[in-house]
file model_20.txt (compact mmCIF, C-alpha atoms)
# COMPACT_ATOMS: atom_id res chain seq x y z
CA MET T 98 0.00 0.00 0.00
CA GLY T 99 1.35 3.41 -0.94
CA SER T 100 1.95 5.98 1.76
CA ILE T 101 0.07 9.28 2.02
CA ASP T 102 2.06 12.51 2.09
CA ASN T 103 0.51 14.37 5.01
CA LYS T 104 3.40 16.77 5.54
CA THR T 105 2.88 19.06 2.55
CA MET T 106 0.37 21.79 3.37
CA PRO T 107 -1.92 23.00 0.55
CA SER T 108 -1.09 26.49 -0.67
CA SER T 109 -2.83 29.10 -2.77
CA ALA T 110 -3.45 28.18 -6.40
CA TYR T 111 -2.47 31.74 -7.37
CA THR T 112 0.89 33.39 -7.86
CA ARG T 113 1.77 36.74 -6.36
CA GLU T 114 1.26 38.30 -9.79
CA GLN T 115 -2.25 36.87 -9.99
CA ILE T 116 -3.05 38.05 -6.48
CA ASP T 117 -1.92 41.58 -7.41
CA GLN T 118 -4.11 41.44 -10.53
CA PHE T 119 -7.06 40.43 -8.36
CA LEU T 120 -6.43 43.25 -5.87
CA ASP T 121 -6.28 45.75 -8.73
CA TYR T 122 -9.46 44.29 -10.22
CA ILE T 123 -11.49 44.74 -7.01
CA GLN T 124 -9.94 48.23 -6.65
CA LEU T 125 -8.43 47.57 -3.22
CA PRO T 126 -6.46 50.66 -2.14
CA LYS T 127 -2.74 50.25 -2.78
CA LYS T 128 -1.85 50.69 0.89
CA TYR T 129 -3.36 47.26 1.55
CA HIS T 130 -1.69 45.34 -1.28
CA HIS T 131 1.28 44.15 0.76
CA ALA T 132 -0.16 44.57 4.24
CA PRO T 133 0.18 41.67 6.70
CA PRO T 134 -2.96 39.76 7.69
CA SER T 135 -5.17 41.74 10.07
CA TYR T 136 -8.87 42.19 10.78
CA GLU T 137 -8.77 45.60 9.05
CA LEU T 138 -7.41 43.97 5.89
CA LEU T 139 -9.90 41.09 6.09
CA ARG T 140 -12.86 43.44 6.46
CA THR T 141 -11.64 45.79 3.72
CA LEU T 142 -11.12 42.87 1.33
CA HIS T 143 -14.64 41.67 2.14
CA THR T 144 -16.20 45.02 1.23
CA TYR T 145 -14.29 45.40 -2.04
CA MET T 146 -14.84 41.76 -3.07
CA LEU T 147 -18.60 42.01 -2.55
CA ALA T 148 -18.81 45.19 -4.63
CA ALA T 149 -16.56 44.02 -7.46
CA VAL T 150 -17.51 40.37 -7.99
CA PRO T 151 -21.23 39.63 -8.37
CA TYR T 152 -23.01 36.54 -7.18
CA GLU T 153 -24.45 35.07 -10.38
CA ASN T 154 -25.30 31.61 -11.69
CA LEU T 155 -25.17 32.44 -15.39
CA ALA T 156 -22.71 29.59 -16.08
CA ILE T 157 -25.64 27.22 -15.59
CA HIS T 158 -27.90 29.07 -18.03
CA TYR T 159 -25.90 31.19 -20.49
CA ASN T 160 -23.46 28.45 -21.39
CA PRO T 161 -23.55 25.87 -24.23
CA SER T 162 -22.38 23.13 -21.82
CA HIS T 163 -24.46 24.36 -18.84
CA ALA T 164 -21.57 23.16 -16.66
CA VAL T 165 -19.92 25.04 -13.80
CA GLU T 166 -16.14 24.66 -13.62
CA LEU T 167 -14.37 25.04 -10.27
CA ASP T 168 -10.77 24.88 -11.44
CA PRO T 169 -9.07 27.90 -9.79
CA GLN T 170 -7.30 28.94 -13.00
CA HIS T 171 -10.55 28.87 -14.95
CA LEU T 172 -12.18 30.98 -12.23
CA PHE T 173 -9.31 33.48 -12.35
CA ARG T 174 -9.63 33.88 -16.12
CA LYS T 175 -13.42 34.18 -15.98
CA ILE T 176 -13.69 36.61 -13.07
CA VAL T 177 -10.44 38.62 -13.10
CA LEU T 178 -8.64 38.43 -16.45
CA ASN T 179 -11.59 38.62 -18.85
CA ARG T 180 -12.89 41.83 -17.24
CA ARG T 181 -16.48 41.38 -18.37
CA GLY T 182 -18.03 41.89 -14.94
CA ARG T 183 -18.51 38.17 -14.39
CA GLY T 184 -18.68 36.52 -11.00
CA GLY T 185 -20.08 33.12 -10.17
CA TYR T 186 -22.31 31.25 -7.83
CA CYS T 187 -21.24 30.41 -4.30
CA MET T 188 -18.59 27.79 -5.01
CA GLU T 189 -17.04 29.75 -7.87
CA ASP T 190 -16.68 33.02 -5.92
CA GLY T 191 -15.89 31.24 -2.64
CA ILE T 192 -13.11 29.02 -3.99
CA LEU T 193 -11.42 31.90 -5.82
CA TYR T 194 -11.64 34.12 -2.74
CA ASN T 195 -10.33 31.50 -0.32
CA HIS T 196 -7.26 30.95 -2.53
CA MET T 197 -6.71 34.71 -2.52
CA LEU T 198 -6.93 34.84 1.28
CA VAL T 199 -4.41 32.01 1.62
CA GLY T 200 -2.11 33.72 -0.88
CA LEU T 201 -2.29 36.92 1.18
CA GLY T 202 -1.11 35.04 4.27
CA PHE T 203 -4.42 34.33 6.01
CA ASP T 204 -5.00 31.02 7.79
CA SER T 205 -8.16 30.15 5.85
CA TYR T 206 -10.03 27.06 4.74
CA THR T 207 -13.49 26.24 3.35
CA VAL T 208 -16.42 24.46 5.00
CA GLY T 209 -19.74 23.15 3.73
CA VAL T 210 -23.06 24.79 4.49
CA ARG T 211 -26.65 23.52 4.67
CA THR T 212 -28.89 26.30 3.32
CA ARG T 213 -32.64 26.41 3.95
CA LEU T 214 -34.93 26.81 0.96
CA ARG T 215 -37.07 29.94 0.68
CA ASP T 216 -40.77 30.43 0.29
CA GLY T 217 -41.62 33.93 -0.87
CA GLY T 218 -38.07 34.98 -0.06
CA VAL T 219 -38.28 33.71 3.54
CA PRO T 220 -36.19 30.70 4.65
CA LYS T 221 -38.50 27.92 5.82
CA GLY T 222 -38.46 24.22 6.64
CA ASP T 223 -35.57 21.86 7.13
CA PHE T 224 -31.86 22.32 6.45
CA PRO T 225 -31.12 20.21 3.33
CA GLY T 226 -27.74 18.81 2.29
CA TRP T 227 -24.50 20.69 1.64
CA VAL T 228 -25.03 23.29 -1.11
CA HIS T 229 -23.06 26.38 -0.02
CA ILE T 230 -19.52 27.40 0.95
CA VAL T 231 -17.96 29.72 3.53
CA SER T 232 -14.39 30.26 4.67
CA ILE T 233 -13.18 29.99 8.23
CA VAL T 234 -10.30 32.37 8.93
CA GLU T 235 -8.23 32.19 12.12
CA LEU T 236 -6.64 35.50 13.02
CA GLU T 237 -4.93 36.47 16.26
CA GLY T 238 -6.56 33.59 18.14
CA GLN T 239 -10.09 34.33 16.86
CA GLN T 240 -11.97 32.38 14.20
CA TYR T 241 -14.09 34.29 11.68
CA HIS T 242 -16.93 33.23 9.38
CA VAL T 243 -16.27 34.75 5.94
CA ASP T 244 -19.05 34.54 3.35
CA ILE T 245 -18.83 36.61 0.17
CA ALA T 246 -21.18 34.49 -1.95
CA PHE T 247 -24.62 34.13 -0.35
CA GLY T 248 -26.47 36.34 -2.78
CA GLY T 249 -28.52 39.24 -1.47
CA ASP T 250 -28.44 38.09 2.15
CA CYS T 251 -24.68 37.84 2.39
CA ALA T 252 -23.01 39.06 5.57
CA THR T 253 -21.38 42.37 4.64
CA ARG T 254 -18.48 41.76 7.06
CA PRO T 255 -16.42 38.90 8.46
CA MET T 256 -18.18 37.62 11.60
CA PRO T 257 -16.27 36.30 14.61
CA LEU T 258 -17.43 32.89 15.82
CA VAL T 259 -18.99 34.30 18.97
CA ASP T 260 -22.29 32.77 20.01
CA GLY T 261 -25.13 35.31 19.80
CA LEU T 262 -23.09 38.41 18.89
CA VAL T 263 -25.37 40.70 16.85
CA HIS T 264 -24.15 42.72 13.84
CA THR T 265 -25.88 45.31 11.68
CA ASN T 266 -26.03 44.15 8.07
CA LEU T 267 -27.66 46.04 5.20
CA GLY T 268 -30.28 48.60 6.20
CA ALA T 269 -32.31 47.47 9.22
CA GLN T 270 -31.26 43.84 8.90
CA GLN T 271 -29.35 42.32 11.80
CA ILE T 272 -27.36 39.07 11.65
CA ARG T 273 -25.74 36.76 14.17
CA LEU T 274 -24.15 33.33 14.58
CA VAL T 275 -25.48 30.96 17.22
CA ARG T 276 -24.42 27.45 18.26
CA ASP T 277 -27.28 24.99 18.43
CA TRP T 278 -28.69 21.79 17.01
CA ILE T 279 -30.95 21.63 13.97
CA PRO T 280 -34.30 19.77 14.13
CA THR T 281 -33.19 16.63 12.25
CA GLN T 282 -30.09 15.98 14.38
CA ALA T 283 -30.26 12.69 16.29
CA LYS T 284 -27.00 13.10 18.20
CA ARG T 285 -27.28 16.06 20.53
CA THR T 286 -24.19 16.78 22.55
CA GLU T 287 -22.33 20.03 23.13
CA ALA T 288 -19.73 18.91 20.59
CA SER T 289 -22.36 18.16 17.93
CA LYS T 290 -23.85 21.67 17.92
CA LEU T 291 -23.65 23.53 14.62
CA TRP T 292 -23.02 27.18 13.85
CA ILE T 293 -26.23 28.76 12.54
CA TYR T 294 -26.37 32.02 10.56
CA GLU T 295 -29.55 33.91 11.49
CA TYR T 296 -31.15 37.20 10.51
CA ARG T 297 -33.96 39.52 11.53
CA ASN T 298 -35.20 42.57 9.64
CA GLY T 299 -35.32 44.86 12.66
CA PRO T 300 -34.76 44.72 16.44
CA ASP T 301 -38.46 43.96 17.05
CA LYS T 302 -38.58 41.08 14.55
CA PRO T 303 -38.01 37.35 15.31
CA TRP T 304 -34.73 35.67 14.40
CA ASN T 305 -34.84 33.22 11.48
CA PRO T 306 -32.03 30.86 10.40
CA PHE T 307 -30.58 31.07 6.88
CA TYR T 308 -28.08 28.21 7.10
CA CYS T 309 -25.83 26.11 9.30
CA PHE T 310 -22.26 24.84 9.09
CA THR T 311 -19.60 22.93 11.00
CA LEU T 312 -15.87 23.61 11.22
CA VAL T 313 -14.92 20.45 9.29
CA GLU T 314 -12.80 21.31 6.27
CA PHE T 315 -14.24 20.67 2.81
CA MET T 316 -11.62 20.01 0.14
CA PRO T 317 -11.63 20.26 -3.70
CA ASN T 318 -13.03 16.74 -4.19
CA ASP T 319 -15.91 17.60 -1.84
CA TRP T 320 -16.75 20.73 -3.81
CA ASP T 321 -16.71 18.78 -7.08
CA VAL T 322 -19.43 16.47 -5.72
CA ILE T 323 -21.55 19.32 -4.35
CA ASN T 324 -21.14 21.32 -7.55
CA VAL T 325 -22.64 18.53 -9.64
CA PHE T 326 -25.83 18.53 -7.58
CA ALA T 327 -26.13 22.30 -7.23
CA SER T 328 -25.57 23.04 -10.91
CA THR T 329 -27.28 20.09 -12.65
CA SER T 330 -29.93 18.46 -10.45
CA PRO T 331 -33.58 19.24 -11.22
CA LYS T 332 -33.98 19.36 -7.42
CA SER T 333 -31.62 22.34 -7.24
CA TRP T 334 -33.26 25.78 -7.44
CA GLN T 335 -30.16 27.01 -9.25
CA THR T 336 -31.15 25.09 -12.39
CA LYS T 337 -34.57 26.78 -12.49
CA THR T 338 -33.62 30.36 -11.62
CA VAL T 339 -31.44 32.95 -13.36
CA ILE T 340 -29.94 35.20 -10.71
CA ALA T 341 -27.39 37.99 -10.39
CA ILE T 342 -26.63 40.09 -7.29
CA LYS T 343 -24.37 43.14 -7.25
CA PHE T 344 -23.55 44.97 -4.01
CA LEU T 345 -23.01 48.73 -4.06
CA ARG T 346 -20.07 50.40 -2.30
CA ARG T 347 -19.46 53.98 -1.13
CA PRO T 348 -17.24 55.85 1.38
CA CYS T 349 -18.39 55.60 4.99
CA GLU T 350 -20.16 58.69 6.29
CA GLY T 351 -17.75 61.57 6.77
CA GLU T 352 -14.95 59.81 4.85
CA GLY T 353 -13.36 60.68 1.53
CA GLU T 354 -12.81 58.35 -1.43
CA ASP T 355 -9.55 57.10 0.08
CA GLY T 356 -11.12 56.37 3.46
CA PRO T 357 -13.05 53.35 4.75
CA GLN T 358 -15.83 52.08 2.48
CA GLU T 359 -19.16 50.42 3.18
CA ILE T 360 -21.80 48.37 1.42
CA TYR T 361 -24.94 50.50 1.23
CA GLY T 362 -27.20 48.66 -1.22
CA LYS T 363 -27.67 45.86 -3.69
CA ARG T 364 -29.06 45.29 -7.15
CA MET T 365 -30.71 41.96 -8.01
CA LEU T 366 -31.86 40.16 -11.15
CA VAL T 367 -34.19 37.22 -10.46
CA ASN T 368 -35.33 35.60 -13.71
CA ASP T 369 -36.99 38.52 -15.53
CA VAL T 370 -37.11 41.21 -12.83
CA VAL T 371 -34.41 43.68 -11.76
CA LYS T 372 -34.78 45.01 -8.20
CA GLU T 373 -32.80 47.41 -6.06
CA ASN T 374 -32.48 47.95 -2.33
CA LEU T 375 -30.55 50.96 -1.05
CA GLY T 376 -30.85 50.03 2.61
CA GLY T 377 -34.61 50.34 2.91
CA LYS T 378 -37.40 48.86 0.83
CA THR T 379 -36.75 46.71 -2.24
CA VAL T 380 -38.19 48.24 -5.42
CA VAL T 381 -38.58 46.90 -8.95
CA VAL T 382 -36.55 48.95 -11.42
CA TYR T 383 -37.00 46.95 -14.63
CA GLU T 384 -38.92 43.97 -16.03
CA CYS T 385 -37.37 42.01 -18.88
CA LYS T 386 -39.70 40.95 -21.69
CA SER T 387 -37.23 38.96 -23.77
CA GLU T 388 -33.73 37.54 -23.88
CA VAL T 389 -32.53 40.68 -25.63
CA ASP T 390 -34.01 42.67 -22.75
CA ARG T 391 -32.34 40.52 -20.07
CA VAL T 392 -28.91 40.63 -21.70
CA ALA T 393 -29.22 44.43 -21.99
CA ALA T 394 -30.31 44.64 -18.32
CA LEU T 395 -27.26 42.64 -17.23
CA GLU T 396 -25.08 45.18 -19.04
CA LYS T 397 -26.93 48.28 -17.82
CA TYR T 398 -27.56 47.41 -14.17
CA PHE T 399 -24.70 45.00 -13.42
CA ASP T 400 -21.97 45.99 -15.91
CA LEU T 401 -21.92 42.29 -16.83
CA HIS T 402 -21.17 41.45 -20.45
CA LEU T 403 -21.81 38.07 -22.07
CA THR T 404 -20.08 36.77 -25.18
CA GLU T 405 -22.15 35.81 -28.22
CA GLU T 406 -21.53 32.14 -27.42
CA GLU T 407 -22.84 32.67 -23.90
CA LYS T 408 -25.90 34.59 -25.12
CA ASN T 409 -26.74 31.76 -27.51
CA GLY T 410 -26.14 29.13 -24.83
CA ILE T 411 -29.52 29.71 -23.20
CA GLN T 412 -31.51 29.00 -26.36
CA GLY T 413 -33.82 26.05 -25.76
CA TRP T 414 -32.98 26.00 -22.03
CA GLN T 415 -35.82 25.95 -19.50
CA THR T 416 -34.99 29.43 -18.15
CA ALA T 417 -34.87 31.20 -21.53
CA LEU T 418 -37.16 34.17 -22.04
CA PRO T 419 -39.07 34.61 -25.35

call {"tool": "encode", "arguments": {"input": "model_20.txt", "output": "structure tokens"}}
result
Amino acid sequence: MGSIDNKTMPSSAYTREQIDQFLDYIQLPKKYHHAPPSYELLRTLHTYMLAAVPYENLAIHYNPSHAVELDPQHLFRKIVLNRRGRGGYCMEDGILYNHMLVGLGFDSYTVGVRTRLRDGGVPKGDFPGWVHIVSIVELEGQQYHVDIAFGGDCATRPMPLVDGLVHTNLGAQQIRLVRDWIPTQAKRTEASKLWIYEYRNGPDKPWNPFYCFTLVEFMPNDWDVINVFASTSPKSWQTKTVIAIKFLRRPCEGEGEDGPQEIYGKRMLVNDVVKENLGGKTVVVYECKSEVDRVAALEKYFDLHLTEEEKNGIQGWQTALP
């Protein structure tokens, strides 16, 4: 039986040149480009990543093969080098970003997430199988939950793994992480508790869980398995819904362009409707009547440009518009 090399630690898939290209692409201020790992750097990266790289699942729909590729070099070309405003769905954005964090010196790894399905936009029911990705970053003795790819309900900051600590998210929304069991768990010990990401849309509203995760590392082979289900199964909502989410960034109040920045809003395409939320109520800004309309809306509202091959890839697909 051959031996297993367990002494070589995995490293970032990206070179320093690629990391610099990524930092330029997300418009991170130059003073951070060679800064050592810190919470300030982690939070600043989070803000600029959210604003520069959209959450979108167009590789499932606008694609002749309708296949999502997770190879880090493919993701780098698609998101950074091609400069067409493309992002990806959770595993695409999350894998690229985790490699960038590791390349920048952060102690970071990825874990699997069970995400609840939504009914009318509200998470309800059980926690299904693994379909999402977050990074766990350890920094100065504290572990952080880092999620830059959960669509419109993404945490707009890294969150320390502190049970019950409440953070302000976008607008009136509050978020927190709690340790608890989920309803279908049979083994209930202190050690078997999961981390649960919860939200409420105001201090007087009830808390509701979005998803749960453990601290067990998920590796490339795990993501390949999950990716097949998420991107191809008729049971996956991703195969039935065209979605794109772009977060909006601005200087914090009282700061100049070179000062700290914040996420203040988001723009969303869900199938044929473009919506916007600037920290208050979500409003419809455009309704697409055709494929020509939707492609134009992606360019106008998301600065996202598809190739002719990609535009033609949706023809005959179940999510195509007339």

call {"tool": "residues_around", "arguments": {"input": "model_20.txt", "residues": "region 294-306 of chain T", "least_positions_apart": "2", "cutoff": "8 Å", "atoms": "all atoms listed in the file", "output": "PyMOL selection string"}}
result
chain T and resi 213+220+269-275+292+308-309

call {"tool": "residues_around", "arguments": {"input": "model_20.txt", "residues": "region 321-335 of chain T", "least_positions_apart": "2", "cutoff": "9 Å", "atoms": "all atoms listed in the file", "output": "ChimeraX atom specification"}}
result
/T:154,156-157,163-167,188,214,227-229,316-319,337-340

call {"tool": "residues_around", "arguments": {"input": "model_20.txt", "residues": "Lys378 (chain T)", "least_positions_apart": "2", "cutoff": "12 Å", "atoms": "only C-alpha atoms", "output": "list in words"}}
result
Leu267, Gly268, Ala269, Gln270, Asn298, Gly362, Lys363, Lys372, Glu373, Asn374, Leu375, Gly376, Val380 and Val381 of chain T

call {"tool": "residues_around", "arguments": {"input": "model_20.txt", "residues": "region 389-395 of chain T", "least_positions_apart": "2", "cutoff": "12 Å", "atoms": "all atoms listed in the file", "output": "ChimeraX atom specification"}}
result
/T:151,153,155,159,181-183,339-343,364-372,382-387,397-405,407-409,411-412,416-419

call {"tool": "write_last_selection", "arguments": {"input": "model_20.txt", "atoms": "C-alpha atoms", "output": "compact mmCIF listing (two decimals), in the coordinates of the input"}}
result
# COMPACT_ATOMS: atom_id res chain seq x y z
CA PRO T 151 -21.23 39.63 -8.37
CA GLU T 153 -24.45 35.07 -10.38
CA LEU T 155 -25.17 32.44 -15.39
CA TYR T 159 -25.90 31.19 -20.49
CA ARG T 181 -16.48 41.38 -18.37
CA GLY T 182 -18.03 41.89 -14.94
CA ARG T 183 -18.51 38.17 -14.39
CA VAL T 339 -31.44 32.95 -13.36
CA ILE T 340 -29.94 35.20 -10.71
CA ALA T 341 -27.39 37.99 -10.39
CA ILE T 342 -26.63 40.09 -7.29
CA LYS T 343 -24.37 43.14 -7.25
CA ARG T 364 -29.06 45.29 -7.15
CA MET T 365 -30.71 41.96 -8.01
CA LEU T 366 -31.86 40.16 -11.15
CA VAL T 367 -34.19 37.22 -10.46
CA ASN T 368 -35.33 35.60 -13.71
CA ASP T 369 -36.99 38.52 -15.53
CA VAL T 370 -37.11 41.21 -12.83
CA VAL T 371 -34.41 43.68 -11.76
CA LYS T 372 -34.78 45.01 -8.20
CA VAL T 382 -36.55 48.95 -11.42
CA TYR T 383 -37.00 46.95 -14.63
CA GLU T 384 -38.92 43.97 -16.03
CA CYS T 385 -37.37 42.01 -18.88
CA LYS T 386 -39.70 40.95 -21.69
CA SER T 387 -37.23 38.96 -23.77
CA LYS T 397 -26.93 48.28 -17.82
CA TYR T 398 -27.56 47.41 -14.17
CA PHE T 399 -24.70 45.00 -13.42
CA ASP T 400 -21.97 45.99 -15.91
CA LEU T 401 -21.92 42.29 -16.83
CA HIS T 402 -21.17 41.45 -20.45
CA LEU T 403 -21.81 38.07 -22.07
CA THR T 404 -20.08 36.77 -25.18
CA GLU T 405 -22.15 35.81 -28.22
CA GLU T 407 -22.84 32.67 -23.90
CA LYS T 408 -25.90 34.59 -25.12
CA ASN T 409 -26.74 31.76 -27.51
CA ILE T 411 -29.52 29.71 -23.20
CA GLN T 412 -31.51 29.00 -26.36
CA THR T 416 -34.99 29.43 -18.15
CA ALA T 417 -34.87 31.20 -21.53
CA LEU T 418 -37.16 34.17 -22.04
CA PRO T 419 -39.07 34.61 -25.35

call {"tool": "closest_atom_pairs", "arguments": {"input": "model_20.txt", "of": "region 246-328 of chain T", "to": "region 189-207 of chain T", "cutoff": "8 Å", "atoms": "all atoms listed in the file", "output": "JSON lines"}}
result
{"residue": "T:Ala246", "atom": "CA", "partner": "T:Asp190", "partner_atom": "CA", "distance": 6.2}
{"residue": "T:Glu314", "atom": "CA", "partner": "T:Thr207", "partner_atom": "CA", "distance": 5.8}
{"residue": "T:Phe315", "atom": "CA", "partner": "T:Thr207", "partner_atom": "CA", "distance": 5.6}
{"residue": "T:Met316", "atom": "CA", "partner": "T:Thr207", "partner_atom": "CA", "distance": 7.3}

call {"tool": "residues_around", "arguments": {"input": "model_20.txt", "residues": "Glu287 (chain T)", "least_positions_apart": "5", "cutoff": "12 Å", "atoms": "all atoms listed in the file", "output": "PyMOL selection string"}}
result
chain T and resi 276-278+292

call {"tool": "closest_residue", "arguments": {"input": "model_20.txt", "among": "T:Val210, T:Arg180, T:Phe247, T:Leu236", "to": "Ser135 (chain T)", "atoms": "all atoms listed in the file"}}
result
T:Leu236

call {"tool": "atom_distance", "arguments": {"input": "model_20.txt", "atom1": "CA of Thr112 (chain T)", "atom2": "CA of Ile245 (chain T)"}}
result
21.5 Å

call {"tool": "atom_distance", "arguments": {"input": "model_20.txt", "atom1": "CA of Ala149 (chain T)", "atom2": "CA of Ser232 (chain T)"}}
result
18.5 Å

call {"tool": "atom_distance", "arguments": {"input": "model_20.txt", "atom1": "CA of Ile176 (chain T)", "atom2": "CA of Lys127 (chain T)"}}
result
20.3 Å

call {"tool": "axis_aligned_box", "arguments": {"input": "model_20.txt", "around": "region 390-400 of chain T", "padding_each_side": "4 Å", "output": "lines of an AutoDock Vina configuration file"}}
result
center_x = -28.0
center_y = 44.4
center_z = -18.1
size_x = 20.0
size_y = 15.8
size_z = 17.3

call {"tool": "build_atoms", "arguments": {"input": "model_20.txt", "residues": "region 221-240 of chain T", "atoms": "N, CA, C and O atoms", "output": "PDB file, in the coordinates of the input"}}
result
ATOM      1  N   LYS T 221     -37.542  28.725   5.075  1.00  0.00           N
ATOM      2  CA  LYS T 221     -38.500  27.920   5.820  1.00  0.00           C
ATOM      3  C   LYS T 221     -38.092  26.447   5.757  1.00  0.00           C
ATOM      4  O   LYS T 221     -37.341  26.037   4.880  1.00  0.00           O
ATOM      5  N   GLY T 222     -38.630  25.667   6.693  1.00  0.00           N
ATOM      6  CA  GLY T 222     -38.460  24.220   6.640  1.00  0.00           C
ATOM      7  C   GLY T 222     -37.109  23.742   7.118  1.00  0.00           C
ATOM      8  O   GLY T 222     -36.391  24.432   7.852  1.00  0.00           O
ATOM      9  N   ASP T 223     -36.762  22.553   6.669  1.00  0.00           N
ATOM     10  CA  ASP T 223     -35.570  21.860   7.130  1.00  0.00           C
ATOM     11  C   ASP T 223     -34.302  22.442   6.488  1.00  0.00           C
ATOM     12  O   ASP T 223     -34.356  23.218   5.538  1.00  0.00           O
ATOM     13  N   PHE T 224     -33.164  22.020   7.038  1.00  0.00           N
ATOM     14  CA  PHE T 224     -31.860  22.320   6.450  1.00  0.00           C
ATOM     15  C   PHE T 224     -31.485  21.146   5.542  1.00  0.00           C
ATOM     16  O   PHE T 224     -31.237  20.043   6.041  1.00  0.00           O
ATOM     17  N   PRO T 225     -31.452  21.329   4.228  1.00  0.00           N
ATOM     18  CA  PRO T 225     -31.120  20.210   3.330  1.00  0.00           C
ATOM     19  C   PRO T 225     -29.626  19.913   3.343  1.00  0.00           C
ATOM     20  O   PRO T 225     -28.902  20.341   4.240  1.00  0.00           O
ATOM     21  N   GLY T 226     -29.154  19.185   2.328  1.00  0.00           N
ATOM     22  CA  GLY T 226     -27.740  18.810   2.290  1.00  0.00           C
ATOM     23  C   GLY T 226     -26.824  19.975   1.979  1.00  0.00           C
ATOM     24  O   GLY T 226     -27.246  21.120   1.808  1.00  0.00           O
ATOM     25  N   TRP T 227     -25.527  19.669   1.867  1.00  0.00           N
ATOM     26  CA  TRP T 227     -24.500  20.690   1.640  1.00  0.00           C
ATOM     27  C   TRP T 227     -24.663  21.308   0.254  1.00  0.00           C
ATOM     28  O   TRP T 227     -24.559  20.620  -0.762  1.00  0.00           O
ATOM     29  N   VAL T 228     -24.880  22.616   0.184  1.00  0.00           N
ATOM     30  CA  VAL T 228     -25.030  23.290  -1.110  1.00  0.00           C
ATOM     31  C   VAL T 228     -24.338  24.653  -1.155  1.00  0.00           C
ATOM     32  O   VAL T 228     -24.441  25.355  -2.158  1.00  0.00           O
ATOM     33  N   HIS T 229     -23.645  25.038  -0.092  1.00  0.00           N
ATOM     34  CA  HIS T 229     -23.060  26.380  -0.020  1.00  0.00           C
ATOM     35  C   HIS T 229     -21.655  26.286   0.589  1.00  0.00           C
ATOM     36  O   HIS T 229     -21.266  25.239   1.117  1.00  0.00           O
ATOM     37  N   ILE T 230     -20.910  27.371   0.504  1.00  0.00           N
ATOM     38  CA  ILE T 230     -19.520  27.400   0.950  1.00  0.00           C
ATOM     39  C   ILE T 230     -19.247  28.676   1.744  1.00  0.00           C
ATOM     40  O   ILE T 230     -19.729  29.755   1.369  1.00  0.00           O
ATOM     41  N   VAL T 231     -18.518  28.562   2.845  1.00  0.00           N
ATOM     42  CA  VAL T 231     -17.960  29.720   3.530  1.00  0.00           C
ATOM     43  C   VAL T 231     -16.520  29.408   3.894  1.00  0.00           C
ATOM     44  O   VAL T 231     -16.111  28.241   3.911  1.00  0.00           O
ATOM     45  N   SER T 232     -15.763  30.431   4.179  1.00  0.00           N
ATOM     46  CA  SER T 232     -14.390  30.260   4.670  1.00  0.00           C
ATOM     47  C   SER T 232     -14.360  30.491   6.169  1.00  0.00           C
ATOM     48  O   SER T 232     -15.108  31.312   6.697  1.00  0.00           O
ATOM     49  N   ILE T 233     -13.466  29.763   6.826  1.00  0.00           N
ATOM     50  CA  ILE T 233     -13.180  29.990   8.230  1.00  0.00           C
ATOM     51  C   ILE T 233     -11.746  30.515   8.306  1.00  0.00           C
ATOM     52  O   ILE T 233     -10.805  29.868   7.840  1.00  0.00           O
ATOM     53  N   VAL T 234     -11.603  31.709   8.843  1.00  0.00           N
ATOM     54  CA  VAL T 234     -10.300  32.370   8.930  1.00  0.00           C
ATOM     55  C   VAL T 234      -9.925  32.481  10.409  1.00  0.00           C
ATOM     56  O   VAL T 234     -10.721  32.967  11.218  1.00  0.00           O
ATOM     57  N   GLU T 235      -8.713  32.022  10.748  1.00  0.00           N
ATOM     58  CA  GLU T 235      -8.230  32.190  12.120  1.00  0.00           C
ATOM     59  C   GLU T 235      -7.211  33.318  12.132  1.00  0.00           C
ATOM     60  O   GLU T 235      -6.246  33.316  11.362  1.00  0.00           O
ATOM     61  N   LEU T 236      -7.455  34.289  12.996  1.00  0.00           N
ATOM     62  CA  LEU T 236      -6.640  35.500  13.020  1.00  0.00           C
ATOM     63  C   LEU T 236      -6.471  35.954  14.456  1.00  0.00           C
ATOM     64  O   LEU T 236      -7.463  36.212  15.151  1.00  0.00           O
ATOM     65  N   GLU T 237      -5.252  35.993  14.902  1.00  0.00           N
ATOM     66  CA  GLU T 237      -4.930  36.470  16.260  1.00  0.00           C
ATOM     67  C   GLU T 237      -5.750  35.742  17.322  1.00  0.00           C
ATOM     68  O   GLU T 237      -6.295  36.341  18.254  1.00  0.00           O
ATOM     69  N   GLY T 238      -5.873  34.420  17.159  1.00  0.00           N
ATOM     70  CA  GLY T 238      -6.560  33.590  18.140  1.00  0.00           C
ATOM     71  C   GLY T 238      -8.068  33.564  18.029  1.00  0.00           C
ATOM     72  O   GLY T 238      -8.736  32.880  18.798  1.00  0.00           O
ATOM     73  N   GLN T 239      -8.636  34.280  17.054  1.00  0.00           N
ATOM     74  CA  GLN T 239     -10.090  34.330  16.860  1.00  0.00           C
ATOM     75  C   GLN T 239     -10.448  33.741  15.504  1.00  0.00           C
ATOM     76  O   GLN T 239      -9.796  34.037  14.503  1.00  0.00           O
ATOM     77  N   GLN T 240     -11.479  32.903  15.464  1.00  0.00           N
ATOM     78  CA  GLN T 240     -11.970  32.380  14.200  1.00  0.00           C
ATOM     79  C   GLN T 240     -13.087  33.268  13.662  1.00  0.00           C
ATOM     80  O   GLN T 240     -13.926  33.756  14.428  1.00  0.00           O
TER      81      GLN T 240
END
